[in-house]
Every structure is written in C-alpha cells, then in structure tokens.
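*Asks:* The structure's right below; bear with me while I get my questions together.
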Amino acid sequence: MKEVLTNPSAGYYMSKDVFGEKGDFITSPEISQMFGELIAIWLINEWTKCGKPTPFQIVELGPGRGTLMSDVLRVFSKFKMAESDFSVSLVEVSPYLSQIQEKCLCKTQNEKISELPIDSQHYKESKSLYGSPVRWYNHISDLPHTFTLFLAHEFFDALPIHKLVKVDQGWREVLIDLNREDSTLRYVLSRERTPAALYCRENEVRKDLEISPQSSVTIQVMASRIHQDGGIGLVIDYGHEGDKTDTFRGFKNHKLHDPLVEPGTADLTADVDFSALKWAATHPRSVEDWKANLTFGTVDQKDFLTRMGINMRLEKLLASCRNEKLANDLKSAHRMLTDPMEMGSKFKFLALYPAVMEKILLKYPPPGFS
C-alpha cells in the first residue's frame with residue numbers, strides 16, 4: 001500500500017488530483033460546505049473549553065485538496081479568530097497535492113524550498129487568505145511543539161495494513177507475490193510467523209485480521225503531543241470497532257477495483273480499526289510518555305452532524321437560496337452526508353483529549369458525541 005500510494009515517482013497520490021467527480025472518490029468536505037463549517041464550530045467550542053490557549057496551531061493530516069481546511073478557516077474568520085495567534089500546519093507527502101492546497105488556502109504561492117532556512121522542519125510556507133501562516137510538513141513528528149487542534153479526515157484509511165490469517169500453526173501473513181507464469185500479482189501466505197503478528201492481541205477471536213502499525217504509531221505521536229503540549233484530536237474515517245476482517249480494496253473511477261491490477265492507477269484503502277486506534281492512543285509507548293489520554297466515540301457521522309446542527313444550517317442556507325438547482329444540490333448533499341445508507345453510518349468520529357481535562361469533560365461533554 002505504501003509503495004503504490006506514495007512512491008515518489010509513481011505513487012497514486014504523488015502526481016495527480018484524485019479527488020472529486022473527475023477523480024476516483026469524493027470526500028465529505030467536497031460534497032458540502034456544511035461539513036467543514038460544523039467541524040470548525042466544534043474546534044472553536046473545544047478550544048474555548050480549554051481556556052483559549054495561544055499560540056496554537058491547527059494541524060490536518062492528509063489535507064486532500066485543502067477543502068476542509070478552507071471551510072474551517074472561513075468559519076474561524078467569522079469568529080474573529082484571526083486576532084488569535086494561530087498557524088496552520090499541514091502534514092502532506094505529495095508535492096502535487098501540496099500545490100493544490102496552497103492555491104486553495106493561500107494568497108500567494110511564492111515561498112520555495114530554497115528560500116527556507118536550512119534547518120527548517122517544514123518544506124514550504126505561505127500565508128492563508130485570512131493572514132495566518134501556513135506550513136507544510138512531511139511527518140507528524142516534524143510539527144512544532146505548541147497547543148494543537150488535530151484533524152485527520154480520511155487519513156488513516158490510506159495508511160498501510162498487514163493482513164493476517166489464523167491457521168493451525170498460528171498467525172500467518174498474507175503477502176503479495178509475482179506469478180512468474182504471466183507476470184501478474186497474487187496473494188500468498190507466509191510460511192512462518194512474521195513480525196506483524198506481534199500486533200495481535202491475546203484475546204483476539206477473529207481468524208482474519210487487518211492491522212496497521214503505522215496508524216498506531218501515528219496516533220500515539222498525536223496523543224503524546226496532546227499530553228505534552230496541550231490539544232485536542234478529531235479523527236473522521238470509515239471504519240469499525242474491531243469486528244471486521246477483510247476490508248482491503250481498491251477504488252478507480254468511483255468503482256471497486258482489484259488492488260493487484262495496474263497498481264498505482266487506483267486508490268488502495270482499508271477500513272480503520274477504531275478499537276486499535278483507541279487502544280494505541282491510551283497506551284503510551286513507555287510509562288514515562290504520558291498518562292492515559294481520554295477518547296470519546298466513535299459515533300456515526302449522521303449523529304455527530306445532527307447534534308452539531310446540520311439540519312438548522314441546511315434550513316438557513318435554503319432560506320437564503322434563490323436558485324432551485326442550488327437548493328436541490330444542498331438537500332442532496334445533506335442526504336449524502338447523513339443518510340445511513342450513504343455516508344451517515346459508514347463514517348465514524350473519534351475525539352482525543354488530555355487526561356487533565358477529565359473533570360471538565362464530565363461536566364461539559366464534547367458536543368456531537370452525546
């Protein structure tokens with residue numbers, strides 16, 4: 001998955017726009033502004049609950065076209081957030097997508113790598129349309145240490161997985177091999193136990209597993225930063241609570257595609273195991289790292305958006321809409337985001353908080369989660 005999606009010269013994400021109707025899939029922010037607006041309101045509310053600490057940064061992992069962050073920053077500007085000392089940090093490995101994000105979010109595109117200090121952790125910087133600094137990073141570990149609002153929307157589903165199968169001899173890994181007869185790719189089973197089996201829990205009852213060590217490490221870094229520097233995390237993705245087995249698949253032109261056929265031309269993905277993310281977020285790599293963080297969720301997208309007021313927002317937009325086609329598009333977008341048969345139940349929301357906020361959250365639970 002890692003090689004097919006992010007290979008520097010031929011990776012799926014590295015040299016083209018894969019989002020929207022002309023791409024291979026559509027994300028919630030691309031469907032309607034309402035999605036990003038409600039995410040922004042949630043972030044402002046929780047930041048206020050923390051005491052409005054400054055300076056702070058908004059971090060998005062895998063920002064796509066920049067649409068979600070664009071909506072968030074627009075709402076922030078309505079609440080005079082530009083007067084607060086905050087910056088935007090984007091974790092993006094694709095040079096092509098970083099250019100698209102810059103065009104979407106920034107006034108100018110004139111900061112080149114050669115103009116940055118040699119010891120800079122970020123590889124590009126600019127200013128948003130609202131004046132806040134925007135910087136691009138290759139890795140979450142490169143981010144500056146400060147109070148952080150983390151956003152990860154459809155990020156973890158693209159991180160590489162290992163597939164494991166339980167046989168009489170124990171766990172064996174599903175590997176990808178070359179069929180020498182016709183030079184096609186095929187699945188094979190490892191002869192022996194592989195290191196990936198170390199991630200299997202002792203009480204695991206499933207016989208078929210998908211595990212993502214990179215996802216666990218990433219959310220542990222996020223949790224460690226939240227504990228050390230202060231912050232909140234919001235993870236949004238399609239996934240499950242540790243009950244699904246075989247979800248690895250490809251998408252091309254909005255249709256299912258065999259992952260082993262024409263690698264590099266289709267998106268590869270697997271449902272996120274939120275139970276594994278929550279375990280990793282609350283179990284430090286060493287005892288000294290942090291106290292157990294708090295997690296809320298998961299909740300279905302339809303429930304989160306409804307509790308956050310998407311129905312009222314739709315009514316407000318429809319009331320000011322004089323174009324019948326635009327009104328129908330708004331209604332269609334609302335249905336797509338909230339209908340259980342569409343995105344409403346497939347997508348889940350998970351929130352992360354530092355342990356020191358336990359008493360506050362008992363009194364004022366996160367909106368959208370209850």
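By order in the structure tokens, chains are A, B, ...; within a chain, residues start at 1; ligands start at 1, following the order shown.
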So that I can check the surroundings of Arg135 of chain A, please list as an MDAnalysis selection string every protein, DNA and RNA residue that reaches within 10 Å of it, counting only C-alpha atoms and ignoring chain neighbours fewer than 4 positions away.

*Replies:* chainID A and resid 59 87:91 102 121:128 143

*Asks:* Find the spatial neighbours of Phe248 of chain A, counting only C-alpha atoms, within a cut-off of 10 Å - ignore same-chain residues fewer than 5 positions away - and output them as a PyMOL selection string.

*Replies:* chain A and resi 1+157+160-163+210+258-259+268-271

*Asks:* Those residues with C-alpha atoms, as a PDB file, in the first residue's frame please?

*Replies:*
ATOM      1  CA  MET A   1       0.000   0.000   0.000  1.00  0.00           C
ATOM      2  CA  ASP A 157      -7.720   4.547   5.838  1.00  0.00           C
ATOM      3  CA  PRO A 160      -0.626   0.585   5.006  1.00  0.00           C
ATOM      4  CA  ILE A 161      -2.025  -2.531   6.624  1.00  0.00           C
ATOM      5  CA  HIS A 162      -0.832  -6.096   7.197  1.00  0.00           C
ATOM      6  CA  LYS A 163      -3.316  -8.917   6.607  1.00  0.00           C
ATOM      7  CA  GLU A 210      -6.011  -6.299   9.221  1.00  0.00           C
ATOM      8  CA  ASP A 258      -8.846  -5.172  -7.864  1.00  0.00           C
ATOM      9  CA  PRO A 259      -5.862  -3.887  -5.808  1.00  0.00           C
ATOM     10  CA  LEU A 268      -5.966   1.465  -2.082  1.00  0.00           C
ATOM     11  CA  THR A 269      -7.769   1.552   1.233  1.00  0.00           C
ATOM     12  CA  ALA A 270      -8.902  -0.452   4.240  1.00  0.00           C
ATOM     13  CA  ASP A 271     -11.485   0.305   6.915  1.00  0.00           C
TER      14      ASP A 271
END

*Asks:* Using only C-alpha atoms, find the one residue out of A:Ala223, A:Leu175, A:Leu198, A:Ile360 that sits nearest to Gly51 of chain A.

*Replies:* A:Ile360

*Asks:* Rounded to one decimal, what separation in Å do you get between atom CA of Asn311 of chain A and atom CA of Leu294 of chain A?

*Replies:* 29.1 Å

*Asks:* I'd like the contact shell of segment 99-101 of chain A - 12 Å cut-off, only C-alpha atoms, skipping same-chain residues fewer than 5 positions apart - returned as a VMD selection string.

*Replies:* chain A and resid 14 to 19 60 62 to 70 88 to 94 106 to 112 123 to 128 134 to 136

*Asks:* When DSSP is applied to the backbone of this structure, which of segment 60-179 of chain A are assigned alpha helix (DSSP H)? Write them out as a compact mmCIF listing (two decimals) with N, CA, C and O atoms, in the first residue's frame.

*Replies:*
# COMPACT_ATOMS: atom_id res chain seq x y z
N THR A 67 -9.87 21.52 0.95
CA THR A 67 -11.25 21.99 1.06
C THR A 67 -11.72 22.07 2.51
O THR A 67 -12.34 23.06 2.91
N LEU A 68 -11.44 21.04 3.30
CA LEU A 68 -11.87 21.05 4.70
C LEU A 68 -11.21 22.20 5.45
O LEU A 68 -11.89 22.95 6.18
N MET A 69 -9.91 22.36 5.29
CA MET A 69 -9.22 23.44 5.98
C MET A 69 -9.70 24.81 5.51
O MET A 69 -9.80 25.75 6.31
N SER A 70 -10.05 24.92 4.25
CA SER A 70 -10.58 26.18 3.72
C SER A 70 -11.88 26.55 4.42
O SER A 70 -12.08 27.71 4.82
N ASP A 71 -12.77 25.59 4.58
CA ASP A 71 -14.03 25.84 5.28
C ASP A 71 -13.80 26.18 6.74
O ASP A 71 -14.46 27.06 7.31
N VAL A 72 -12.87 25.47 7.38
CA VAL A 72 -12.55 25.73 8.78
C VAL A 72 -12.02 27.15 8.96
O VAL A 72 -12.46 27.90 9.85
N LEU A 73 -11.10 27.57 8.10
CA LEU A 73 -10.51 28.90 8.22
C LEU A 73 -11.54 29.99 7.94
O LEU A 73 -11.50 31.07 8.56
N ARG A 74 -12.47 29.74 7.03
CA ARG A 74 -13.52 30.73 6.75
C ARG A 74 -14.39 30.96 7.98
O ARG A 74 -14.71 32.09 8.34
N VAL A 75 -14.77 29.86 8.65
CA VAL A 75 -15.57 29.98 9.87
C VAL A 75 -14.75 30.64 10.98
O VAL A 75 -15.27 31.49 11.72
N PHE A 76 -13.48 30.27 11.10
CA PHE A 76 -12.62 30.90 12.10
C PHE A 76 -12.60 32.42 11.90
O PHE A 76 -12.61 33.18 12.87
N SER A 77 -12.57 32.86 10.64
CA SER A 77 -12.53 34.30 10.37
C SER A 77 -13.81 34.97 10.80
O SER A 77 -13.80 36.13 11.25
N LYS A 78 -14.94 34.29 10.70
CA LYS A 78 -16.23 34.85 11.12
C LYS A 78 -16.27 35.06 12.64
O LYS A 78 -16.98 35.92 13.14
N PRO A 95 3.95 16.28 -3.26
CA PRO A 95 4.27 17.62 -3.76
C PRO A 95 3.13 18.20 -4.61
O PRO A 95 2.85 19.40 -4.53
N TYR A 96 2.48 17.34 -5.40
CA TYR A 96 1.40 17.82 -6.27
C TYR A 96 0.22 18.31 -5.45
O TYR A 96 -0.31 19.40 -5.69
N LEU A 97 -0.20 17.52 -4.45
CA LEU A 97 -1.35 17.92 -3.64
C LEU A 97 -1.02 19.14 -2.79
O LEU A 97 -1.91 19.98 -2.53
N SER A 98 0.23 19.30 -2.36
CA SER A 98 0.59 20.49 -1.58
C SER A 98 0.43 21.75 -2.42
O SER A 98 0.06 22.81 -1.90
N GLN A 99 0.67 21.65 -3.73
CA GLN A 99 0.46 22.80 -4.61
C GLN A 99 -1.02 23.14 -4.72
O GLN A 99 -1.41 24.31 -4.69
N ILE A 100 -1.86 22.11 -4.83
CA ILE A 100 -3.31 22.33 -4.89
C ILE A 100 -3.81 22.96 -3.59
O ILE A 100 -4.64 23.89 -3.60
N GLN A 101 -3.30 22.48 -2.47
CA GLN A 101 -3.69 23.02 -1.17
C GLN A 101 -3.29 24.49 -1.05
O GLN A 101 -4.05 25.33 -0.55
N GLU A 102 -2.10 24.80 -1.53
CA GLU A 102 -1.60 26.18 -1.46
C GLU A 102 -2.48 27.12 -2.29
O GLU A 102 -2.81 28.22 -1.84
N LYS A 103 -2.87 26.68 -3.47
CA LYS A 103 -3.75 27.50 -4.31
C LYS A 103 -5.11 27.71 -3.65
O LYS A 103 -5.73 28.77 -3.79
N CYS A 104 -5.58 26.70 -2.92
CA CYS A 104 -6.89 26.77 -2.27
C CYS A 104 -6.86 27.68 -1.04
O CYS A 104 -7.82 28.42 -0.79
N LEU A 105 -5.77 27.64 -0.29
CA LEU A 105 -5.75 28.27 1.03
C LEU A 105 -5.04 29.60 1.11
O LEU A 105 -5.30 30.39 2.02

*Asks:* Which one of A:Leu189, A:Ala292, A:Leu305, A:Leu5 sits closest to Ile41 of chain A if you count only C-alpha atoms?

*Replies:*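 Going through A:Leu189, A:Ala292, A:Leu305, A:Leu5 one by one, the smallest distance to Ile41 of chain A is for A:Leu305.
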
*Asks:* I need the residue nearest Gly309 of chain A from this list: A:Ile58, A:Ala196, A:Ala355, A:Met34. Use only C-alpha atoms for the distance.

*Replies:*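 Comparing A:Ile58, A:Ala196, A:Ala355, A:Met34 against Gly309 of chain A, the winner is A:Met34.
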
*Asks:* What's the 12 Å shell around Val221 of chain A, counting only C-alpha atoms, without same-chain residues fewer than 2 positions away, as a PyMOL selection string?

*Replies:* chain A and resi 139-143+145+150+214-219+223-229+233+277+280-285+289-290+293

*Asks:* Could you dump the residues just selected with C-alpha atoms as a PDB file, in the first residue's frame?

*Replies:*
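Below is the file result-v6.pdb, written as the result:
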ATOM      1  CA  HIS A 139       5.819  13.885   9.039  1.00  0.00           C
ATOM      2  CA  ILE A 140       3.723  14.442  12.151  1.00  0.00           C
ATOM      3  CA  SER A 141       6.902  14.201  14.231  1.00  0.00           C
ATOM      4  CA  ASP A 142       8.240  17.336  12.473  1.00  0.00           C
ATOM      5  CA  LEU A 143       5.447  19.552  13.809  1.00  0.00           C
ATOM      6  CA  HIS A 145       5.540  21.846  19.940  1.00  0.00           C
ATOM      7  CA  PHE A 150      -5.517  17.898  15.238  1.00  0.00           C
ATOM      8  CA  GLN A 214       1.823   2.921  11.146  1.00  0.00           C
ATOM      9  CA  SER A 215      -1.663   4.010  12.252  1.00  0.00           C
ATOM     10  CA  SER A 216      -0.891   3.014  15.838  1.00  0.00           C
ATOM     11  CA  VAL A 217       2.417   4.888  15.834  1.00  0.00           C
ATOM     12  CA  THR A 218       0.844   7.988  14.261  1.00  0.00           C
ATOM     13  CA  ILE A 219      -1.971   8.265  16.784  1.00  0.00           C
ATOM     14  CA  ALA A 223      -1.654  11.514  21.816  1.00  0.00           C
ATOM     15  CA  SER A 224       1.838  12.241  23.149  1.00  0.00           C
ATOM     16  CA  ARG A 225       1.739  15.776  21.704  1.00  0.00           C
ATOM     17  CA  ILE A 226      -1.737  16.359  23.173  1.00  0.00           C
ATOM     18  CA  HIS A 227      -0.440  15.315  26.590  1.00  0.00           C
ATOM     19  CA  GLN A 228       2.849  17.228  26.422  1.00  0.00           C
ATOM     20  CA  ASP A 229       1.780  20.438  24.674  1.00  0.00           C
ATOM     21  CA  GLY A 233      -7.713  15.472  18.231  1.00  0.00           C
ATOM     22  CA  LEU A 277      -6.607   3.447  17.431  1.00  0.00           C
ATOM     23  CA  ALA A 280      -2.884   2.960  20.943  1.00  0.00           C
ATOM     24  CA  ALA A 281      -4.000   6.472  21.940  1.00  0.00           C
ATOM     25  CA  THR A 282      -4.444   5.435  25.572  1.00  0.00           C
ATOM     26  CA  HIS A 283      -1.371   3.187  25.911  1.00  0.00           C
ATOM     27  CA  PRO A 284       1.945   5.093  25.870  1.00  0.00           C
ATOM     28  CA  ARG A 285       4.992   3.542  24.265  1.00  0.00           C
ATOM     29  CA  ASP A 289       5.490   9.165  27.878  1.00  0.00           C
ATOM     30  CA  TRP A 290       2.113  10.320  29.159  1.00  0.00           C
ATOM     31  CA  ASN A 293      -5.400  10.141  27.290  1.00  0.00           C
TER      32      ASN A 293
END

*Asks:* Got a sec to tell me which of segment 65-247 of chain A DSSP assigns to strand (DSSP E), as a PyMOL selection string?

*Replies:* chain A and resi 86-91+124-127+133-137+147-153+162-167+170-179+184-189+208-211+231-240

*Asks:* Do you have the atom CA of Pro55 of chain A-atom CA of Thr146 of chain A distance handy?

*Replies:* 7.1 Å

*Asks:* Lys207 of chain A: which residues within 10 Å, counting only C-alpha atoms, same-chain residues fewer than 5 positions away excluded, as a short mmCIF file (atom, residue, chain, number, x, y, z; two decimals) with all heavy atoms, in the first residue's frame?

*Replies:*
data_model
loop_
_atom_site.label_atom_id
_atom_site.label_comp_id
_atom_site.auth_asym_id
_atom_site.auth_seq_id
_atom_site.Cartn_x
_atom_site.Cartn_y
_atom_site.Cartn_z
N LEU A 164 -3.49 -10.69 8.25
CA LEU A 164 -3.08 -11.90 8.96
C LEU A 164 -4.23 -12.91 8.97
O LEU A 164 -5.40 -12.53 9.06
CB LEU A 164 -2.69 -11.57 10.40
CG LEU A 164 -1.46 -10.68 10.56
CD1 LEU A 164 -1.35 -10.18 11.99
CD2 LEU A 164 -0.20 -11.41 10.16
N VAL A 165 -3.87 -14.18 8.86
CA VAL A 165 -4.84 -15.27 8.87
C VAL A 165 -4.42 -16.29 9.93
O VAL A 165 -3.24 -16.64 10.03
CB VAL A 165 -4.93 -15.95 7.49
CG1 VAL A 165 -5.87 -17.16 7.54
CG2 VAL A 165 -5.40 -14.96 6.43
N LYS A 166 -5.39 -16.75 10.72
CA LYS A 166 -5.10 -17.75 11.76
C LYS A 166 -5.22 -19.15 11.16
O LYS A 166 -6.26 -19.54 10.65
CB LYS A 166 -6.10 -17.59 12.92
CG LYS A 166 -5.77 -18.40 14.15
CD LYS A 166 -4.60 -17.80 14.89
CE LYS A 166 -4.35 -18.46 16.24
NZ LYS A 166 -5.36 -18.07 17.25
N VAL A 167 -4.12 -19.91 11.21
CA VAL A 167 -4.10 -21.29 10.74
C VAL A 167 -3.74 -22.19 11.93
O VAL A 167 -3.54 -21.71 13.05
CB VAL A 167 -3.08 -21.47 9.59
CG1 VAL A 167 -3.48 -20.63 8.39
CG2 VAL A 167 -1.67 -21.11 10.04
N GLY A 170 -0.74 -21.17 13.86
CA GLY A 170 -0.73 -19.82 14.41
C GLY A 170 -1.00 -18.78 13.34
O GLY A 170 -1.58 -19.08 12.29
N TRP A 171 -0.57 -17.54 13.59
CA TRP A 171 -0.83 -16.46 12.64
C TRP A 171 0.16 -16.51 11.48
O TRP A 171 1.36 -16.67 11.68
CB TRP A 171 -0.71 -15.10 13.35
CG TRP A 171 -1.80 -14.83 14.33
CD1 TRP A 171 -1.72 -14.88 15.69
CD2 TRP A 171 -3.15 -14.48 14.03
NE1 TRP A 171 -2.93 -14.59 16.26
CE2 TRP A 171 -3.83 -14.33 15.26
CE3 TRP A 171 -3.86 -14.29 12.83
CZ2 TRP A 171 -5.17 -13.99 15.34
CZ3 TRP A 171 -5.20 -13.95 12.91
CH2 TRP A 171 -5.85 -13.79 14.15
N THR A 245 -13.14 -7.91 9.22
CA THR A 245 -11.98 -8.72 8.87
C THR A 245 -11.35 -8.30 7.55
O THR A 245 -10.33 -7.63 7.52
CB THR A 245 -12.36 -10.21 8.83
OG1 THR A 245 -13.44 -10.41 7.91
CG2 THR A 245 -12.78 -10.70 10.21
#

*Asks:* Do you know which residues are at most 12 Å from Met312 of chain A counting only C-alpha atoms, after dropping those on the same chain fewer than 6 positions away, and could you put them as number ranges by chain?

*Replies:* A: 34, 38, 305-306, 318-319, 334

*Asks:* With all heavy atoms retained, export the selected residues as a tab-separated table (two decimals), in the first residue's frame.

*Replies:*
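Contents of again_11.tsv, freshly written:
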chain	number	residue	atom	x	y	z
A	34	MET	N	-21.24	22.58	4.51
A	34	MET	CA	-21.82	22.37	5.85
A	34	MET	C	-20.93	21.47	6.69
A	34	MET	O	-20.82	21.65	7.91
A	34	MET	CB	-23.22	21.76	5.73
A	34	MET	CG	-24.25	22.67	5.10
A	34	MET	SD	-25.92	21.94	5.07
A	34	MET	CE	-25.73	20.71	3.76
A	38	LEU	N	-19.32	22.81	10.38
A	38	LEU	CA	-19.64	22.23	11.67
A	38	LEU	C	-18.40	21.70	12.38
A	38	LEU	O	-18.31	21.75	13.62
A	38	LEU	CB	-20.68	21.11	11.49
A	38	LEU	CG	-22.04	21.59	10.97
A	38	LEU	CD1	-22.98	20.41	10.75
A	38	LEU	CD2	-22.67	22.59	11.92
A	305	LEU	N	-23.14	15.07	13.08
A	305	LEU	CA	-23.57	16.25	12.32
A	305	LEU	C	-24.94	16.74	12.75
A	305	LEU	O	-25.19	17.95	12.82
A	305	LEU	CB	-23.57	15.94	10.82
A	305	LEU	CG	-22.20	15.63	10.19
A	305	LEU	CD1	-22.35	15.32	8.71
A	305	LEU	CD2	-21.23	16.80	10.40
A	306	THR	N	-25.85	15.81	13.07
A	306	THR	CA	-27.19	16.21	13.52
A	306	THR	C	-27.11	16.93	14.85
A	306	THR	O	-27.75	17.98	15.05
A	306	THR	CB	-28.11	14.97	13.64
A	306	THR	OG1	-28.20	14.33	12.37
A	306	THR	CG2	-29.50	15.37	14.10
A	318	LEU	N	-30.93	27.24	2.80
A	318	LEU	CA	-32.07	27.18	1.88
A	318	LEU	C	-32.88	28.48	1.91
A	318	LEU	O	-33.39	28.92	0.88
A	318	LEU	CB	-32.98	26.00	2.24
A	318	LEU	CG	-32.42	24.59	1.96
A	318	LEU	CD1	-33.36	23.52	2.49
A	318	LEU	CD2	-32.18	24.40	0.46
A	319	ALA	N	-32.96	29.10	3.09
A	319	ALA	CA	-33.73	30.34	3.23
A	319	ALA	C	-33.10	31.49	2.43
A	319	ALA	O	-33.81	32.38	1.95
A	319	ALA	CB	-33.83	30.73	4.70
A	334	HIS	N	-26.93	17.19	1.90
A	334	HIS	CA	-27.34	16.87	3.27
A	334	HIS	C	-27.70	15.39	3.39
A	334	HIS	O	-27.29	14.72	4.36
A	334	HIS	CB	-28.54	17.75	3.66
A	334	HIS	CG	-29.11	17.45	5.00
A	334	HIS	ND1	-30.07	16.46	5.21
A	334	HIS	CD2	-28.86	17.98	6.23
A	334	HIS	CE1	-30.39	16.41	6.48
A	334	HIS	NE2	-29.67	17.32	7.13
